[in-house]
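*Asks:* Below: one structure in structure tokens.
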Amino acid sequence: MEVIMDEVNLEARHVLRWKFRDHSRTLSGRRTDLTVTDGNERWQFECCRSEEGDNTYYIRCPAWSDFVRPRINARLTLYARQANENFHRVRVIQRD
């Protein structure tokens, strides 16, 4: 069963960074490389724990900016990593 970490409607402000809560509580450490796939492509983003703690993280790196730009106004869902997988799944639903 896939566990949702967080969801967002991508806006222009998300090109610089996305601050999210890890509702799955599966991320750990101060900084981690977040490998993400939609089933066709893979991306690697730098993910850092927020100073606020409380399972709040942010993604802010050139690869993230490149990923978001063509997807502004889309709905993004980030799923927790499944057992025996070394990546997180992402679903992007493009809106008109």
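Identifiers in the structure tokens: chain A, B, ... in order shown; residue index from 1 per chain; ligand index from 1 in order shown.
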Could you list, as a list of chain:residue names, every residue within 7 Å of range 9-11 of chain A, counting only C-alpha atoms and ignoring same-chain residues fewer than 5 positions away?
*Replies:*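 Skipping anything fewer than 5 positions along the chain leaves A:Arg71, A:Ile72, A:Asn73, A:Ala74, A:Arg75, A:Leu76.
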*Asks:* Out of chain A, which residues get helix (DSSP H, G or I) from DSSP, as JSON, numbers by chain?
*Replies:* {"A": [12, 13, 14, 15, 62, 63, 64, 65, 66, 67, 68, 69, 70, 71]}
*Asks:* Those residues you just picked out, can you put them in a file as a short mmCIF file (atom, residue, chain, number, x, y, z; two decimals), in the first residue's frame with N, CA and C atoms?
*Replies:*
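The resulting selection_9.cif:
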data_model
loop_
_atom_site.label_atom_id
_atom_site.label_comp_id
_atom_site.auth_asym_id
_atom_site.auth_seq_id
_atom_site.Cartn_x
_atom_site.Cartn_y
_atom_site.Cartn_z
N ALA A 12 4.27 28.84 -9.20
CA ALA A 12 5.55 29.45 -9.61
C ALA A 12 6.52 29.55 -8.43
N ARG A 13 6.02 29.81 -7.24
CA ARG A 13 6.90 29.94 -6.06
C ARG A 13 7.60 28.62 -5.71
N HIS A 14 7.06 27.50 -6.16
CA HIS A 14 7.68 26.20 -5.87
C HIS A 14 8.89 25.91 -6.75
N VAL A 15 9.14 26.76 -7.75
CA VAL A 15 10.34 26.58 -8.58
C VAL A 15 11.59 26.70 -7.71
N PRO A 62 18.87 22.90 -8.21
CA PRO A 62 18.61 23.14 -9.64
C PRO A 62 17.77 22.05 -10.30
N ALA A 63 17.97 20.80 -9.92
CA ALA A 63 17.19 19.71 -10.51
C ALA A 63 15.70 19.86 -10.18
N TRP A 64 15.40 20.31 -8.96
CA TRP A 64 14.02 20.55 -8.57
C TRP A 64 13.40 21.68 -9.40
N SER A 65 14.14 22.76 -9.56
CA SER A 65 13.65 23.88 -10.36
C SER A 65 13.34 23.44 -11.79
N ASP A 66 14.24 22.65 -12.37
CA ASP A 66 14.03 22.13 -13.72
C ASP A 66 12.81 21.21 -13.79
N PHE A 67 12.58 20.46 -12.74
CA PHE A 67 11.43 19.56 -12.67
C PHE A 67 10.11 20.34 -12.59
N VAL A 68 10.08 21.38 -11.77
CA VAL A 68 8.84 22.11 -11.51
C VAL A 68 8.41 23.02 -12.66
N ARG A 69 9.36 23.71 -13.28
CA ARG A 69 9.00 24.71 -14.31
C ARG A 69 7.95 24.24 -15.32
N PRO A 70 8.12 23.09 -15.96
CA PRO A 70 7.11 22.67 -16.94
C PRO A 70 5.84 22.08 -16.30
N ARG A 71 5.84 21.98 -14.98
CA ARG A 71 4.71 21.35 -14.29
C ARG A 71 3.91 22.32 -13.41
#
*Asks:* Would you please give, as number ranges by chain, all residues of chain A that DSSP assigns to strand (DSSP E or B) based on the backbone?
*Replies:* A: 4-9, 18-21, 31-37, 42-49, 56-59, 75-79, 88-93
*Asks:* Hey, can you spit out that residue selection with C-alpha atoms as a JSON list (two decimals), in the first residue's frame?
*Replies:*
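Result file selection_31.json:
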[["chain", "number", "residue", "atom", "x", "y", "z"],
["A", 4, "ILE", "CA", 1.37, 9.61, 0.87],
["A", 5, "MET", "CA", 4.16, 11.78, 2.25],
["A", 6, "ASP", "CA", 2.59, 15.04, 1.04],
["A", 7, "GLU", "CA", 0.74, 16.69, -1.85],
["A", 8, "VAL", "CA", 0.92, 20.12, -3.45],
["A", 9, "ASN", "CA", -0.54, 22.13, -6.30],
["A", 18, "TRP", "CA", 8.98, 23.10, -1.81],
["A", 19, "LYS", "CA", 8.55, 22.94, 1.92],
["A", 20, "PHE", "CA", 6.58, 19.85, 2.92],
["A", 21, "ARG", "CA", 5.69, 17.66, 5.87],
["A", 31, "ARG", "CA", 20.13, 16.00, 4.49],
["A", 32, "THR", "CA", 19.24, 13.25, 2.09],
["A", 33, "ASP", "CA", 19.24, 12.66, -1.64],
["A", 34, "LEU", "CA", 15.67, 12.01, -2.65],
["A", 35, "THR", "CA", 15.43, 9.76, -5.71],
["A", 36, "VAL", "CA", 11.99, 10.06, -7.30],
["A", 37, "THR", "CA", 10.30, 8.30, -10.23],
["A", 42, "ARG", "CA", 13.94, 9.37, -12.49],
["A", 43, "TRP", "CA", 15.10, 12.53, -10.76],
["A", 44, "GLN", "CA", 17.37, 13.15, -7.81],
["A", 45, "PHE", "CA", 16.67, 16.07, -5.50],
["A", 46, "GLU", "CA", 18.49, 17.43, -2.47],
["A", 47, "CYS", "CA", 16.16, 17.21, 0.50],
["A", 48, "CYS", "CA", 16.95, 18.90, 3.84],
["A", 49, "ARG", "CA", 15.21, 18.82, 7.19],
["A", 56, "THR", "CA", 9.20, 19.31, 7.92],
["A", 57, "TYR", "CA", 11.58, 19.17, 4.96],
["A", 58, "TYR", "CA", 12.31, 21.20, 1.91],
["A", 59, "ILE", "CA", 13.58, 20.46, -1.58],
["A", 75, "ARG", "CA", -1.00, 18.39, -8.71],
["A", 76, "LEU", "CA", 2.02, 16.54, -7.29],
["A", 77, "THR", "CA", 1.74, 13.63, -4.86],
["A", 78, "LEU", "CA", 4.91, 12.29, -3.22],
["A", 79, "TYR", "CA", 4.73, 8.75, -1.86],
["A", 88, "HIS", "CA", 10.08, 7.36, -3.92],
["A", 89, "ARG", "CA", 7.18, 7.43, -6.34],
["A", 90, "VAL", "CA", 5.61, 10.63, -7.53],
["A", 91, "ARG", "CA", 2.35, 11.20, -9.35],
["A", 92, "VAL", "CA", 1.83, 14.37, -11.35],
["A", 93, "ILE", "CA", -1.59, 15.29, -12.66]]
*Asks:* Go through A:Arg60, A:Gln82, A:Glu52, A:Asn40 one by one, measure the shortest atom-to-atom distance of each to Ser24 in chain A using only C-alpha atoms, and give the residue with the smallest value.
*Replies:* A:Gln82
*Asks:* Could you check which of A:Asn55, A:Ser50, A:Cys61, A:Glu2 is closest to His23 in chain A, using only C-alpha atoms?
*Replies:* A:Asn55
*Asks:* To one decimal place, how far is CA of Arg25 in chain A from CA of Arg95 in chain A in Å?
*Replies:* 28.7 Å
